[in-house]
Amino acid sequence: MAISQREQAFLREAIELANHSVDAGGGPFGAVVVKDGEVIGRGHNRVTLDNDPTAHAEVQAIRDACRRSRDFSLQGCVLYASCEPCPMCMAAIYWARIARVVFAASGEDAARAGFDDRLIAREICQPYSERSLPVEQCACEGHDESFRKWLALADKTPY
């Protein structure tokens, strides 16, 4: 897919963040969130730096953009990533309501470097009973109390 020179610059910034991450001891991933032609969020992989398996570049960039914009919704934003986002990051991208994703390296490129998420992508599409990780729903009194409280709130912020 061909993108504009301006978009190429955003993608290059994500790639530079990935290289910076490797230099700092993190994983080889970077991302930026852009709104109206301005970078509002940046992130690079901090999984090993922070001992946090959720500290992927895209999640870090989303957190930064939300913090800076003081809004949990990134509607109208574009996320530029050095690599194809993993399933967890794609879920975060959907939750953030990002309008578009542009990435450079493929998931296959990442797999060749030891970052293979194909098992996760397959597993989350399976019914619980067919997953390699046991997942069980158990009946518990009050299981829906927080939902009832939420529904009763008059001044809640829906999302």
# chains A, B, ... in the order shown; residues from 1 in each chain; ligands from 1

call {"tool": "residues_around", "arguments": {"residues": "A:Ser106", "least_positions_apart": "3", "cutoff": "7 Å", "atoms": "only C-alpha atoms", "output": "list in words"}}
result
Cys83, Glu84, Asp109 and Ala110 of chain A

call {"tool": "select_by_dssp", "arguments": {"residues": "stretch 64-96 of chain A", "states": "alpha helix (DSSP H)", "output": "PyMOL selection string"}}
result
chain A and resi 64-69+87-96

call {"tool": "write_last_selection", "arguments": {"atoms": "C-alpha atoms", "output": "compact mmCIF listing (two decimals), in the first residue's frame"}}
result
# COMPACT_ATOMS: atom_id res chain seq x y z
CA ASP A 64 0.48 8.19 26.24
CA ALA A 65 -2.06 9.58 23.76
CA CYS A 66 -4.95 9.12 26.18
CA ARG A 67 -2.99 10.74 29.01
CA ARG A 68 -2.03 13.72 26.84
CA SER A 69 -5.48 14.17 25.32
CA PRO A 87 -3.78 -9.77 19.21
CA MET A 88 -3.53 -7.96 22.57
CA CYS A 89 -2.56 -4.70 20.90
CA MET A 90 -5.30 -5.04 18.30
CA ALA A 91 -7.82 -5.43 21.12
CA ALA A 92 -6.47 -2.26 22.76
CA ILE A 93 -6.64 -0.47 19.39
CA TYR A 94 -10.31 -1.42 19.04
CA TRP A 95 -11.07 -0.38 22.65
CA ALA A 96 -9.39 2.98 22.01

call {"tool": "closest_residue", "arguments": {"among": "A:Leu74, A:Pro28, A:Ala57, A:Leu79", "to": "A:Gly114", "atoms": "only C-alpha atoms"}}
result
A:Pro28

call {"tool": "residues_around", "arguments": {"residues": "stretch 129-136 of chain A", "least_positions_apart": "6", "cutoff": "12 Å", "atoms": "only C-alpha atoms", "output": "number ranges by chain"}}
result
A: 119-123

call {"tool": "atom_distance", "arguments": {"atom1": "atom CA of A:Val33", "atom2": "atom CA of A:Val78"}}
result
5.7 Å

call {"tool": "residues_around", "arguments": {"residues": "A:His56", "least_positions_apart": "3", "cutoff": "8 Å", "atoms": "only C-alpha atoms", "output": "number ranges by chain"}}
result
A: 29, 43-47, 53, 59-60, 89

call {"tool": "residues_around", "arguments": {"residues": "stretch 9-25 of chain A", "least_positions_apart": "3", "cutoff": "6 Å", "atoms": "only C-alpha atoms", "output": "list in words"}}
result
Arg6, Pro28, Phe29, Gly30, Ala31, Val32, His44, Tyr80, Ala81 and Ser82 of chain A

call {"tool": "atom_distance", "arguments": {"atom1": "atom CA of A:Glu38", "atom2": "atom CA of A:Ser4"}}
result
14.7 Å

call {"tool": "closest_residue", "arguments": {"among": "A:Leu49, A:Gln75, A:Pro127, A:Val34", "to": "A:Ala61", "atoms": "only C-alpha atoms"}}
result
A:Val34

call {"tool": "select_by_dssp", "arguments": {"residues": "stretch 62-111 of chain A", "states": "strand (DSSP E or B)", "output": "tab-separated table (two decimals) with C-alpha atoms, in the first residue's frame"}}
result
chain	number	residue	atom	x	y	z
A	78	VAL	CA	-4.20	6.77	13.26
A	79	LEU	CA	-1.72	4.41	14.90
A	80	TYR	CA	1.59	3.89	13.07
A	81	ALA	CA	3.49	0.82	14.25
A	82	SER	CA	6.91	-0.52	13.40
A	83	CYS	CA	5.36	-4.00	13.19
A	100	ARG	CA	-6.82	3.27	11.19
A	101	VAL	CA	-3.61	1.28	11.67
A	102	VAL	CA	-0.52	1.46	9.45
A	103	PHE	CA	2.39	-0.92	10.13
A	104	ALA	CA	5.77	-1.69	8.57
A	105	ALA	CA	7.13	-5.15	9.43

call {"tool": "closest_residue", "arguments": {"among": "A:Phe72, A:Asp52, A:Cys77, A:Glu58", "to": "A:Val39", "atoms": "only C-alpha atoms"}}
result
A:Cys77

call {"tool": "atom_distance", "arguments": {"atom1": "atom CA of A:Cys86", "atom2": "atom CA of A:Gly107"}}
result
7.8 Å
